[in-house]
file entry-v2.cif (mmCIF, C-alpha atoms)
data_model
#
loop_
_atom_site.group_PDB
_atom_site.id
_atom_site.type_symbol
_atom_site.label_atom_id
_atom_site.label_comp_id
_atom_site.auth_asym_id
_atom_site.auth_seq_id
_atom_site.Cartn_x
_atom_site.Cartn_y
_atom_site.Cartn_z
ATOM 1 C CA MET C 1 0.000 0.000 0.000
ATOM 2 C CA GLY C 2 1.390 3.409 -0.946
ATOM 3 C CA SER C 3 2.254 5.669 1.947
ATOM 4 C CA ARG C 4 -0.286 8.373 1.041
ATOM 5 C CA LEU C 5 -3.135 5.889 0.822
ATOM 6 C CA GLU C 6 -1.944 4.293 4.039
ATOM 7 C CA THR C 7 -2.049 7.570 5.968
ATOM 8 C CA ASN C 8 -5.448 8.396 4.410
ATOM 9 C CA VAL C 9 -6.806 5.062 5.604
ATOM 10 C CA ALA C 10 -5.252 5.516 9.074
ATOM 11 C CA TYR C 11 -6.834 8.985 9.191
ATOM 12 C CA ILE C 12 -10.268 7.586 8.288
ATOM 13 C CA ALA C 13 -9.869 4.866 10.940
ATOM 14 C CA GLY C 14 -9.152 7.598 13.495
ATOM 15 C CA PHE C 15 -12.164 9.593 12.333
ATOM 16 C CA LEU C 16 -14.347 6.475 12.675
ATOM 17 C CA ASP C 17 -12.962 5.684 16.138
ATOM 18 C CA GLY C 18 -13.556 9.275 17.201
ATOM 19 C CA ASP C 19 -17.039 9.796 15.932
ATOM 20 C CA GLY C 20 -18.360 6.974 13.771
ATOM 21 C CA SER C 21 -20.552 3.936 14.237
ATOM 22 C CA LEU C 22 -20.654 0.351 13.155
ATOM 23 C CA MET C 23 -24.095 -1.213 13.223
ATOM 24 C CA LEU C 24 -25.790 -4.505 12.542
ATOM 25 C CA GLN C 25 -29.570 -4.333 12.650
ATOM 26 C CA ILE C 26 -32.592 -6.457 11.827
ATOM 27 C CA LYS C 27 -35.187 -4.690 9.729
ATOM 28 C CA LYS C 28 -38.716 -6.031 9.575
ATOM 29 C CA ARG C 29 -40.193 -6.132 6.118
ATOM 30 C CA CYS C 30 -43.435 -4.260 5.433
ATOM 31 C CA ASP C 31 -44.840 -7.235 3.571
ATOM 32 C CA ASN C 32 -44.406 -9.575 6.550
ATOM 33 C CA GLY C 33 -41.590 -11.348 4.725
ATOM 34 C CA ARG C 34 -38.556 -12.691 6.528
ATOM 35 C CA PRO C 35 -36.762 -9.873 8.377
ATOM 36 C CA ARG C 36 -33.545 -8.812 6.692
ATOM 37 C CA PHE C 37 -30.219 -7.815 8.182
ATOM 38 C CA MET C 38 -28.705 -4.433 7.566
ATOM 39 C CA ALA C 39 -25.047 -3.614 8.123
ATOM 40 C CA THR C 40 -23.987 0.030 8.317
ATOM 41 C CA ILE C 41 -20.832 2.053 8.736
ATOM 42 C CA CYS C 42 -21.706 5.639 9.557
ATOM 43 C CA PHE C 43 -19.613 8.782 9.852
ATOM 44 C CA TYR C 44 -21.079 11.983 11.312
ATOM 45 C CA GLN C 45 -20.173 15.625 11.202
ATOM 46 C CA ASP C 46 -22.068 18.790 11.864
ATOM 47 C CA THR C 47 -23.449 20.161 8.609
ATOM 48 C CA HIS C 48 -21.298 23.312 8.805
ATOM 49 C CA HIS C 49 -18.197 21.116 8.442
ATOM 50 C CA ASP C 50 -19.417 18.219 6.349
ATOM 51 C CA LYS C 51 -16.701 18.657 3.687
ATOM 52 C CA SER C 52 -14.828 15.955 5.602
ATOM 53 C CA LEU C 53 -17.552 13.455 4.799
ATOM 54 C CA PHE C 54 -17.376 14.184 1.070
ATOM 55 C CA TRP C 55 -13.621 13.641 1.191
ATOM 56 C CA ILE C 56 -14.008 10.312 3.024
ATOM 57 C CA LYS C 57 -16.666 9.262 0.489
ATOM 58 C CA ASP C 58 -14.231 10.086 -2.340
ATOM 59 C CA ILE C 59 -11.347 8.165 -0.776
ATOM 60 C CA LEU C 60 -13.483 5.120 -0.013
ATOM 61 C CA GLY C 61 -15.313 5.459 -3.339
ATOM 62 C CA ILE C 62 -18.604 4.580 -1.699
ATOM 63 C CA GLY C 63 -21.483 5.730 0.494
ATOM 64 C CA TYR C 64 -24.443 8.089 0.640
ATOM 65 C CA ILE C 65 -24.386 11.504 2.246
ATOM 66 C CA SER C 66 -27.520 12.948 3.791
ATOM 67 C CA LYS C 67 -28.323 15.994 5.883
ATOM 68 C CA ARG C 68 -30.327 15.237 8.989
ATOM 69 C CA ASN C 69 -32.706 17.821 10.363
ATOM 70 C CA ASP C 70 -30.772 18.186 13.632
ATOM 71 C CA GLY C 71 -27.855 20.010 12.006
ATOM 72 C CA MET C 72 -25.784 16.873 11.426
ATOM 73 C CA THR C 73 -24.691 15.281 8.168
ATOM 74 C CA GLU C 74 -24.159 11.534 7.827
ATOM 75 C CA LEU C 75 -22.062 9.459 5.459
ATOM 76 C CA ARG C 76 -23.648 6.038 5.433
ATOM 77 C CA ILE C 77 -22.209 2.897 3.873
ATOM 78 C CA ASN C 78 -24.449 -0.124 3.446
ATOM 79 C CA GLY C 79 -24.230 -3.384 1.533
ATOM 80 C CA PHE C 80 -22.536 -6.537 2.795
ATOM 81 C CA LYS C 81 -19.922 -6.682 0.040
ATOM 82 C CA GLN C 82 -19.070 -2.978 0.288
ATOM 83 C CA ILE C 83 -18.836 -3.107 4.085
ATOM 84 C CA GLU C 84 -16.567 -6.157 3.859
ATOM 85 C CA LYS C 85 -14.230 -4.314 1.491
ATOM 86 C CA ILE C 86 -14.103 -1.148 3.637
ATOM 87 C CA LEU C 87 -13.656 -3.022 6.921
ATOM 88 C CA LYS C 88 -10.800 -5.133 5.560
ATOM 89 C CA MET C 89 -9.097 -1.892 4.545
ATOM 90 C CA LEU C 90 -9.688 -0.057 7.846
ATOM 91 C CA LEU C 91 -9.308 -2.904 10.342
ATOM 92 C CA PRO C 92 -5.492 -2.777 10.675
ATOM 93 C CA TYR C 93 -5.773 0.882 11.737
ATOM 94 C CA ILE C 94 -8.921 0.815 13.848
ATOM 95 C CA ARG C 95 -7.941 0.848 17.514
ATOM 96 C CA PHE C 96 -10.955 1.253 19.705
ATOM 97 C CA LYS C 97 -13.826 -0.086 17.682
ATOM 98 C CA LYS C 98 -11.815 -3.218 16.820
ATOM 99 C CA VAL C 99 -14.304 -5.624 18.442
ATOM 100 C CA GLN C 100 -17.257 -4.071 16.610
ATOM 101 C CA ALA C 101 -15.327 -3.934 13.329
ATOM 102 C CA SER C 102 -14.110 -7.532 13.387
ATOM 103 C CA THR C 103 -17.541 -8.788 14.513
ATOM 104 C CA LEU C 104 -19.293 -6.831 11.761
ATOM 105 C CA LEU C 105 -16.787 -8.264 9.279
ATOM 106 C CA LYS C 106 -17.678 -11.827 10.374
ATOM 107 C CA ALA C 107 -21.369 -10.955 10.041
ATOM 108 C CA VAL C 108 -21.131 -9.531 6.518
ATOM 109 C CA SER C 109 -19.093 -12.501 5.269
ATOM 110 C CA LEU C 110 -21.750 -14.829 6.659
ATOM 111 C CA LEU C 111 -24.554 -12.702 5.193
ATOM 112 C CA GLN C 112 -23.079 -13.057 1.705
ATOM 113 C CA ARG C 113 -23.592 -16.830 1.690
ATOM 114 C CA LYS C 114 -26.258 -18.097 -0.655
ATOM 115 C CA LYS C 115 -28.251 -19.966 1.945
ATOM 116 C CA LEU C 116 -28.386 -19.304 5.658
ATOM 117 C CA VAL C 117 -29.512 -21.978 8.113
ATOM 118 C CA THR C 118 -30.968 -21.513 11.592
ATOM 119 C CA ASN C 119 -27.551 -21.821 13.139
ATOM 120 C CA ASP C 120 -26.261 -18.949 11.008
ATOM 121 C CA TYR C 121 -29.109 -16.722 12.198
ATOM 122 C CA LYS C 122 -28.252 -17.598 15.784
ATOM 123 C CA LYS C 123 -24.630 -16.619 15.100
ATOM 124 C CA LEU C 124 -25.830 -13.329 13.601
ATOM 125 C CA VAL C 125 -27.865 -12.598 16.733
ATOM 126 C CA ASP C 126 -24.738 -13.184 18.825
ATOM 127 C CA TYR C 127 -22.779 -10.835 16.570
ATOM 128 C CA MET C 128 -25.514 -8.198 16.997
ATOM 129 C CA LEU C 129 -25.338 -8.546 20.766
ATOM 130 C CA THR C 130 -21.538 -8.211 20.726
ATOM 131 C CA ILE C 131 -21.696 -5.080 18.568
ATOM 132 C CA GLN C 132 -24.482 -3.462 20.565
ATOM 133 C CA SER C 133 -22.790 -4.174 23.896
ATOM 134 C CA GLU C 134 -19.718 -2.279 22.608
ATOM 135 C CA ASN C 135 -21.729 0.626 21.234
ATOM 136 C CA TYR C 136 -22.654 3.377 23.569
ATOM 137 C CA SER C 137 -26.285 4.200 22.948
ATOM 138 C CA THR C 138 -29.053 5.954 24.770
ATOM 139 C CA LYS C 139 -31.646 3.835 22.994
ATOM 140 C CA LYS C 140 -33.040 0.770 24.691
ATOM 141 C CA LYS C 141 -31.200 -2.290 23.436
ATOM 142 C CA ARG C 142 -33.033 -5.403 22.357
ATOM 143 C CA THR C 143 -32.386 -8.569 24.341
ATOM 144 C CA LYS C 144 -31.272 -11.846 22.785
ATOM 145 C CA TYR C 145 -34.790 -13.211 23.276
ATOM 146 C CA GLU C 146 -36.333 -10.233 21.448
ATOM 147 C CA LEU C 147 -33.898 -10.606 18.543
ATOM 148 C CA LEU C 148 -34.518 -14.340 18.186
ATOM 149 C CA LYS C 149 -38.247 -13.634 18.324
ATOM 150 C CA VAL C 150 -38.084 -11.173 15.406
ATOM 151 C CA LEU C 151 -36.376 -13.920 13.423
ATOM 152 C CA GLY C 152 -38.963 -16.499 14.459
ATOM 153 C CA LEU C 153 -36.318 -18.558 16.246
ATOM 154 C CA THR C 154 -37.811 -18.740 19.720
ATOM 155 C CA PRO C 155 -38.875 -22.217 20.876
ATOM 156 C CA MET P 156 9.356 9.579 10.180
ATOM 157 C CA GLY P 157 8.858 5.825 10.560
ATOM 158 C CA SER P 158 5.758 4.416 8.915
ATOM 159 C CA ARG P 159 4.167 3.239 12.180
ATOM 160 C CA LEU P 160 4.533 6.641 13.807
ATOM 161 C CA GLU P 161 3.250 8.248 10.616
ATOM 162 C CA THR P 162 0.056 6.194 10.575
ATOM 163 C CA ASN P 163 -0.393 6.803 14.334
ATOM 164 C CA VAL P 164 -0.131 10.547 13.760
ATOM 165 C CA ALA P 165 -2.508 10.387 10.747
ATOM 166 C CA TYR P 166 -4.938 8.389 12.914
ATOM 167 C CA ILE P 167 -4.794 11.020 15.692
ATOM 168 C CA ALA P 168 -5.341 13.802 13.108
ATOM 169 C CA GLY P 169 -8.449 11.928 11.913
ATOM 170 C CA PHE P 170 -9.665 11.508 15.487
ATOM 171 C CA LEU P 171 -9.155 15.246 16.105
ATOM 172 C CA ASP P 172 -10.947 16.192 12.871
ATOM 173 C CA GLY P 173 -13.811 13.880 13.777
ATOM 174 C CA ASP P 174 -14.359 14.847 17.347
ATOM 175 C CA GLY P 175 -11.752 17.190 18.756
ATOM 176 C CA SER P 176 -11.398 20.907 19.345
ATOM 177 C CA LEU P 177 -8.783 23.565 18.979
ATOM 178 C CA MET P 178 -9.302 26.607 21.158
ATOM 179 C CA LEU P 179 -7.742 29.960 21.909
ATOM 180 C CA GLN P 180 -9.310 31.762 24.828
ATOM 181 C CA ILE P 181 -8.711 34.791 27.010
ATOM 182 C CA LYS P 182 -8.917 34.097 30.722
ATOM 183 C CA LYS P 183 -9.429 36.935 33.139
ATOM 184 C CA ARG P 184 -7.242 36.770 36.206
ATOM 185 C CA CYS P 185 -8.842 36.680 39.650
ATOM 186 C CA ASP P 186 -6.420 39.314 40.931
ATOM 187 C CA ASN P 187 -7.397 41.850 38.245
ATOM 188 C CA GLY P 188 -4.033 41.338 36.573
ATOM 189 C CA ARG P 189 -3.634 41.368 32.805
ATOM 190 C CA PRO P 190 -5.848 38.712 31.184
ATOM 191 C CA ARG P 191 -3.869 35.725 29.923
ATOM 192 C CA PHE P 192 -4.292 33.655 26.789
ATOM 193 C CA MET P 193 -4.964 29.955 26.949
ATOM 194 C CA ALA P 194 -4.460 27.579 24.019
ATOM 195 C CA THR P 195 -6.066 24.139 24.166
ATOM 196 C CA ILE P 196 -6.257 20.996 22.076
ATOM 197 C CA CYS P 197 -9.029 18.777 23.338
ATOM 198 C CA PHE P 198 -10.076 15.229 22.455
ATOM 199 C CA TYR P 199 -13.383 13.814 23.699
ATOM 200 C CA GLN P 200 -14.808 10.361 24.123
ATOM 201 C CA ASP P 201 -17.642 8.931 26.152
ATOM 202 C CA THR P 202 -16.288 7.587 29.409
ATOM 203 C CA HIS P 203 -17.243 3.987 28.541
ATOM 204 C CA HIS P 204 -14.714 4.093 25.703
ATOM 205 C CA ASP P 205 -12.083 6.463 26.974
ATOM 206 C CA LYS P 206 -9.215 3.972 26.462
ATOM 207 C CA SER P 207 -8.634 5.769 23.165
ATOM 208 C CA LEU P 208 -7.760 8.949 25.009
ATOM 209 C CA PHE P 209 -5.153 7.193 27.156
ATOM 210 C CA TRP P 210 -3.577 5.765 24.008
ATOM 211 C CA ILE P 211 -3.466 9.190 22.327
ATOM 212 C CA LYS P 212 -1.946 10.662 25.499
ATOM 213 C CA ASP P 213 0.740 7.948 25.411
ATOM 214 C CA ILE P 214 1.559 8.504 21.747
ATOM 215 C CA LEU P 215 1.723 12.283 22.111
ATOM 216 C CA GLY P 216 3.480 11.974 25.479
ATOM 217 C CA ILE P 217 1.433 14.828 26.870
ATOM 218 C CA GLY P 218 -1.932 15.975 28.228
ATOM 219 C CA TYR P 219 -4.338 15.623 31.130
ATOM 220 C CA ILE P 220 -7.288 13.260 31.198
ATOM 221 C CA SER P 221 -10.373 14.126 33.196
ATOM 222 C CA LYS P 222 -13.848 12.658 33.528
ATOM 223 C CA ARG P 223 -16.641 15.182 33.151
ATOM 224 C CA ASN P 224 -19.879 14.671 34.999
ATOM 225 C CA ASP P 225 -21.902 14.343 31.784
ATOM 226 C CA GLY P 226 -20.472 10.928 30.931
ATOM 227 C CA MET P 227 -17.681 12.264 28.736
ATOM 228 C CA THR P 228 -13.933 12.060 29.234
ATOM 229 C CA GLU P 229 -11.561 14.736 27.930
ATOM 230 C CA LEU P 230 -7.897 14.678 27.002
ATOM 231 C CA ARG P 231 -6.738 18.244 27.260
ATOM 232 C CA ILE P 232 -3.392 19.625 26.097
ATOM 233 C CA ASN P 233 -2.348 23.102 27.205
ATOM 234 C CA GLY P 234 0.863 25.078 27.139
ATOM 235 C CA PHE P 235 2.093 27.133 24.195
ATOM 236 C CA LYS P 236 5.280 25.144 23.663
ATOM 237 C CA GLN P 237 3.525 21.779 23.910
ATOM 238 C CA ILE P 238 0.713 22.847 21.588
ATOM 239 C CA GLU P 239 3.269 24.108 19.081
ATOM 240 C CA LYS P 240 5.051 20.738 19.113
ATOM 241 C CA ILE P 241 1.833 18.725 18.733
ATOM 242 C CA LEU P 242 0.374 20.965 16.004
ATOM 243 C CA LYS P 243 3.565 20.833 13.946
ATOM 244 C CA MET P 244 3.339 17.044 14.123
ATOM 245 C CA LEU P 245 -0.369 16.798 13.272
ATOM 246 C CA LEU P 246 -0.739 19.637 10.770
ATOM 247 C CA PRO P 247 0.347 17.703 7.643
ATOM 248 C CA TYR P 248 -2.427 15.170 8.326
ATOM 249 C CA ILE P 249 -5.205 17.442 9.576
ATOM 250 C CA ARG P 250 -7.708 17.974 6.774
ATOM 251 C CA PHE P 251 -10.752 19.800 8.030
ATOM 252 C CA LYS P 252 -9.550 21.756 11.008
ATOM 253 C CA LYS P 253 -6.551 23.012 9.015
ATOM 254 C CA VAL P 254 -7.522 26.709 9.345
ATOM 255 C CA GLN P 255 -7.988 26.408 13.117
ATOM 256 C CA ALA P 256 -4.779 24.385 13.488
ATOM 257 C CA SER P 257 -2.552 26.709 11.465
ATOM 258 C CA THR P 258 -4.057 29.789 13.131
ATOM 259 C CA LEU P 259 -3.547 28.311 16.595
ATOM 260 C CA LEU P 260 0.035 27.488 15.614
ATOM 261 C CA LYS P 261 0.639 31.135 14.662
ATOM 262 C CA ALA P 262 -0.895 32.211 17.966
ATOM 263 C CA VAL P 263 1.216 29.931 20.158
ATOM 264 C CA SER P 264 4.445 30.951 18.402
ATOM 265 C CA LEU P 265 3.571 34.585 19.021
ATOM 266 C CA LEU P 266 2.596 33.873 22.630
ATOM 267 C CA GLN P 267 6.045 32.413 23.327
ATOM 268 C CA ARG P 268 7.758 35.740 22.635
ATOM 269 C CA LYS P 269 9.250 37.454 25.657
ATOM 270 C CA LYS P 270 7.428 40.726 25.212
ATOM 271 C CA LEU P 271 4.171 41.340 23.440
ATOM 272 C CA VAL P 272 3.201 44.770 22.161
ATOM 273 C CA THR P 273 -0.291 46.137 21.492
ATOM 274 C CA ASN P 274 -0.097 45.093 17.874
ATOM 275 C CA ASP P 275 0.591 41.481 18.914
ATOM 276 C CA TYR P 276 -2.503 41.471 21.110
ATOM 277 C CA LYS P 277 -4.554 42.764 18.193
ATOM 278 C CA LYS P 278 -3.189 39.944 16.042
ATOM 279 C CA LEU P 279 -4.124 37.450 18.755
ATOM 280 C CA VAL P 280 -7.669 38.786 18.820
ATOM 281 C CA ASP P 281 -7.862 38.270 15.042
ATOM 282 C CA TYR P 282 -6.566 34.703 15.467
ATOM 283 C CA MET P 283 -9.244 34.075 18.121
ATOM 284 C CA LEU P 284 -11.942 35.354 15.784
ATOM 285 C CA THR P 285 -10.692 33.141 12.951
ATOM 286 C CA ILE P 286 -10.642 30.057 15.176
ATOM 287 C CA GLN P 287 -14.040 30.736 16.706
ATOM 288 C CA SER P 288 -15.653 31.402 13.336
ATOM 289 C CA GLU P 289 -14.468 27.938 12.215
ATOM 290 C CA ASN P 290 -15.605 26.213 15.395
ATOM 291 C CA TYR P 291 -19.155 25.100 15.651
ATOM 292 C CA SER P 292 -20.396 26.111 19.063
ATOM 293 C CA THR P 293 -23.725 26.596 20.746
ATOM 294 C CA LYS P 294 -22.217 29.148 23.114
ATOM 295 C CA LYS P 295 -22.526 32.815 22.356
ATOM 296 C CA LYS P 296 -19.349 34.022 20.696
ATOM 297 C CA ARG P 297 -17.604 37.190 21.826
ATOM 298 C CA THR P 298 -17.318 39.973 19.299
ATOM 299 C CA LYS P 299 -14.043 41.643 18.351
ATOM 300 C CA TYR P 300 -15.038 44.664 20.421
ATOM 301 C CA GLU P 301 -15.682 42.521 23.495
ATOM 302 C CA LEU P 302 -12.327 40.752 23.094
ATOM 303 C CA LEU P 303 -10.392 43.991 22.689
ATOM 304 C CA LYS P 304 -12.230 45.358 25.721
ATOM 305 C CA VAL P 305 -11.144 42.436 27.929
ATOM 306 C CA LEU P 306 -7.567 43.224 26.926
ATOM 307 C CA GLY P 307 -8.035 46.932 27.610
ATOM 308 C CA LEU P 308 -7.404 47.778 23.951
ATOM 309 C CA THR P 309 -10.578 49.671 23.128
ATOM 310 C CA PRO P 310 -10.131 53.350 22.312
#

call {"tool": "encode", "arguments": {"input": "entry-v2.cif", "output": "C-alpha cells"}}
result
Amino acid sequence: MGSRLETNVAYIAGFLDGDGSLMLQIKKRCDNGRPRFMATICFYQDTHHDKSLFWIKDILGIGYISKRNDGMTELRINGFKQIEKILKMLLPYIRFKKVQASTLLKAVSLLQRKKLVTNDYKKLVDYMLTIQSENYSTKKKRTKYELLKVLGLTP
Amino acid sequence: MGSRLETNVAYIAGFLDGDGSLMLQIKKRCDNGRPRFMATICFYQDTHHDKSLFWIKDILGIGYISKRNDGMTELRINGFKQIEKILKMLLPYIRFKKVQASTLLKAVSLLQRKKLVTNDYKKLVDYMLTIQSENYSTKKKRTKYELLKVLGLTP
C-alpha cells in the first residue's frame, strides 16, 4: 500500500474511532416477509463542516451523504460486500472499535452466503449482541430473546 | 518519520478532525491582573470508551485526562510550547480543522515571545476570531469589540 493511501486510511480509521458507528440491525419487512439484516458504517459531522464526509466518500469510493434535520450530516455505507471491502481496509488501523469492526466483518461474510440456516441466524444474533454491547447508545437495546423472536427462532 | 509513527499521527489527526477541538481563549485573572491567553487541544470520548484517550496521550506523550460529569472524558493539552510541538506534528495530516490548526500554531508561536506589544494582542484577537468562526459552538461568541475590551485595547 502506498504511503499516502496508508495515511489516508489511518486517518479515516481515526475519524471512525472518534465519531463513527458500526451497526448490525434487523429490519422487519413491510410485507411480513422474513426480516432482513442491515449492516452500516456511519460517519457523522455537523453540517457546517461536512466537507470531511465528502472527502471520506471520495477516498473510499462509496457511500451516501444525507443531511439530517438536527444540524448533522451523515455518510452512510451499506451493503454486505461494500462493508466487507471497507472493513478489511480499515481494520489494521482501527484501535478502539476493533471488536465491533471484526464482529461486523464476520457478520457480513456470513450474510453473503447463498443460503443461511438456523444456526447462522443464531450466530448473527450473537454478533448483533456483541456489537451493541460495545456501542454506547441511549436507545433501549433489544435482548437476545427479542432478537430471536423477530427472526422467528424462539422455541 | 517511521511508517508506524506516521500512521499513528494520521490516525490522531483523523480523530481530532472527527471529534476534537482547537481553542484559543482569554482568561481573566482573579487578581485583576492582565488577562492571559490559553491555548487548548481537546479530544473527547464517552467515558465507557475512553481507552482511546489514554492511548493518544501515550503517543503524544502529553496531556491531562479528566472525567466530566456528563459521561464524557476529555484529554486536554495546554501550554504554548507543547501545543506548538503537537500541532507541527499533526498539521500535515489534519484535513478539516486546518484553518484552526494553522491559526492556533501562529498564535502559540507569538505567545512564546518574551514581550508582546499592542499590535501582537490585536493579532491574537484576530486569530481568536478566525478560530471561533471555524468552530461550531452553541455558546454565544464574543465579538471583536468585546475581546479587545477584555484586553483593555478599546479606544

call {"tool": "closest_atom_pairs", "arguments": {"input": "entry-v2.cif", "of": "chain P", "to": "chain C", "cutoff": "8 Å", "atoms": "all atoms listed in the file", "output": "CSV"}}
result
residue,atom,partner,partner_atom,distance
P:Ser158,CA,C:Ser3,CA,7.9
P:Glu161,CA,C:Thr7,CA,7.1
P:Thr162,CA,C:Thr7,CA,5.2
P:Asn163,CA,C:Ala10,CA,7.3
P:Ala165,CA,C:Tyr11,CA,4.8
P:Tyr166,CA,C:Tyr11,CA,4.2
P:Ile167,CA,C:Gly14,CA,6.0
P:Ala168,CA,C:Tyr11,CA,6.4
P:Gly169,CA,C:Tyr11,CA,4.3
P:Phe170,CA,C:Gly14,CA,4.4
P:Leu171,CA,C:Phe15,CA,7.4
P:Asp172,CA,C:Phe15,CA,6.7
P:Gly173,CA,C:Phe15,CA,4.8
P:Asp174,CA,C:Gly18,CA,5.6
P:Tyr199,CA,C:Gly18,CA,7.9
P:Gln200,CA,C:Gly18,CA,7.1
P:Asp201,CA,C:Tyr136,CA,7.9
P:His203,CA,C:Tyr136,CA,7.4
P:His204,CA,C:Phe96,CA,7.6
P:Lys206,CA,C:Phe96,CA,7.5
P:Ser207,CA,C:Phe96,CA,6.1
P:Tyr248,CA,C:Tyr11,CA,7.6
P:Arg250,CA,C:Ser52,CA,7.5
P:Phe251,CA,C:Ser52,CA,6.1
P:Tyr291,CA,C:His48,CA,7.4

call {"tool": "calpha_fit_rmsd", "arguments": {"input": "entry-v2.cif", "fixed": "chain C", "moving": "chain P"}}
result
0.0 Å

call {"tool": "residues_near_point", "arguments": {"input": "entry-v2.cif", "point": "(-27.1, -15.2, 15.0)", "cutoff": "10 Å", "atoms": "only C-alpha atoms", "output": "list in words"}}
result
Ala107, Leu110, Val117, Thr118, Asn119, Asp120, Tyr121, Lys122, Lys123, Leu124, Val125, Asp126, Tyr127, Met128, Leu129, Lys144, Leu147, Leu148, Leu151 and Leu153 of chain C

call {"tool": "write_last_selection", "arguments": {"input": "entry-v2.cif", "atoms": "C-alpha atoms", "output": "PDB file, in the frame of the given file"}}
result
ATOM      1  CA  ALA C 107     -21.369 -10.955  10.041  1.00  0.00           C
ATOM      2  CA  LEU C 110     -21.750 -14.829   6.659  1.00  0.00           C
ATOM      3  CA  VAL C 117     -29.512 -21.978   8.113  1.00  0.00           C
ATOM      4  CA  THR C 118     -30.968 -21.513  11.592  1.00  0.00           C
ATOM      5  CA  ASN C 119     -27.551 -21.821  13.139  1.00  0.00           C
ATOM      6  CA  ASP C 120     -26.261 -18.949  11.008  1.00  0.00           C
ATOM      7  CA  TYR C 121     -29.109 -16.722  12.198  1.00  0.00           C
ATOM      8  CA  LYS C 122     -28.252 -17.598  15.784  1.00  0.00           C
ATOM      9  CA  LYS C 123     -24.630 -16.619  15.100  1.00  0.00           C
ATOM     10  CA  LEU C 124     -25.830 -13.329  13.601  1.00  0.00           C
ATOM     11  CA  VAL C 125     -27.865 -12.598  16.733  1.00  0.00           C
ATOM     12  CA  ASP C 126     -24.738 -13.184  18.825  1.00  0.00           C
ATOM     13  CA  TYR C 127     -22.779 -10.835  16.570  1.00  0.00           C
ATOM     14  CA  MET C 128     -25.514  -8.198  16.997  1.00  0.00           C
ATOM     15  CA  LEU C 129     -25.338  -8.546  20.766  1.00  0.00           C
ATOM     16  CA  LYS C 144     -31.272 -11.846  22.785  1.00  0.00           C
ATOM     17  CA  LEU C 147     -33.898 -10.606  18.543  1.00  0.00           C
ATOM     18  CA  LEU C 148     -34.518 -14.340  18.186  1.00  0.00           C
ATOM     19  CA  LEU C 151     -36.376 -13.920  13.423  1.00  0.00           C
ATOM     20  CA  LEU C 153     -36.318 -18.558  16.246  1.00  0.00           C
TER      21      LEU C 153
END

call {"tool": "residues_near_point", "arguments": {"input": "entry-v2.cif", "point": "(-3.2, 21.7, 31.0)", "cutoff": "10 Å", "atoms": "all atoms listed in the file", "output": "PDB file with C-alpha atoms, in the frame of the given file"}}
result
ATOM      1  CA  MET P 193      -4.964  29.955  26.949  1.00  0.00           C
ATOM      2  CA  ALA P 194      -4.460  27.579  24.019  1.00  0.00           C
ATOM      3  CA  THR P 195      -6.066  24.139  24.166  1.00  0.00           C
ATOM      4  CA  ILE P 196      -6.257  20.996  22.076  1.00  0.00           C
ATOM      5  CA  ILE P 217       1.433  14.828  26.870  1.00  0.00           C
ATOM      6  CA  GLY P 218      -1.932  15.975  28.228  1.00  0.00           C
ATOM      7  CA  TYR P 219      -4.338  15.623  31.130  1.00  0.00           C
ATOM      8  CA  ILE P 220      -7.288  13.260  31.198  1.00  0.00           C
ATOM      9  CA  LEU P 230      -7.897  14.678  27.002  1.00  0.00           C
ATOM     10  CA  ARG P 231      -6.738  18.244  27.260  1.00  0.00           C
ATOM     11  CA  ILE P 232      -3.392  19.625  26.097  1.00  0.00           C
ATOM     12  CA  ASN P 233      -2.348  23.102  27.205  1.00  0.00           C
ATOM     13  CA  GLY P 234       0.863  25.078  27.139  1.00  0.00           C
ATOM     14  CA  GLN P 237       3.525  21.779  23.910  1.00  0.00           C
TER      15      GLN P 237
END

call {"tool": "atom_distance", "arguments": {"input": "entry-v2.cif", "atom1": "CA of Lys88 (chain C)", "atom2": "CA of Leu104 (chain C)"}}
result
10.7 Å

call {"tool": "atom_distance", "arguments": {"input": "entry-v2.cif", "atom1": "CA of Lys114 (chain C)", "atom2": "CA of Lys141 (chain C)"}}
result
29.2 Å

call {"tool": "residues_around", "arguments": {"input": "entry-v2.cif", "residues": "Ile26 (chain C)", "least_positions_apart": "5", "cutoff": "7 Å", "atoms": "all atoms listed in the file", "output": "list in words"}}
result
Pro35, Arg36, Phe37 and Met38 of chain C

call {"tool": "closest_residue", "arguments": {"input": "entry-v2.cif", "among": "P:Leu242, P:Val254, P:Thr285, P:Leu260", "to": "Thr298 (chain P)", "atoms": "only C-alpha atoms"}}
result
P:Thr285

call {"tool": "atom_distance", "arguments": {"input": "entry-v2.cif", "atom1": "CA of Ser21 (chain C)", "atom2": "CA of Ser288 (chain P)"}}
result
27.9 Å

call {"tool": "closest_residue", "arguments": {"input": "entry-v2.cif", "among": "P:Val305, P:Ile286, P:Ile211, P:Leu266", "to": "Leu177 (chain P)", "atoms": "all atoms listed in the file"}}
result
P:Ile286
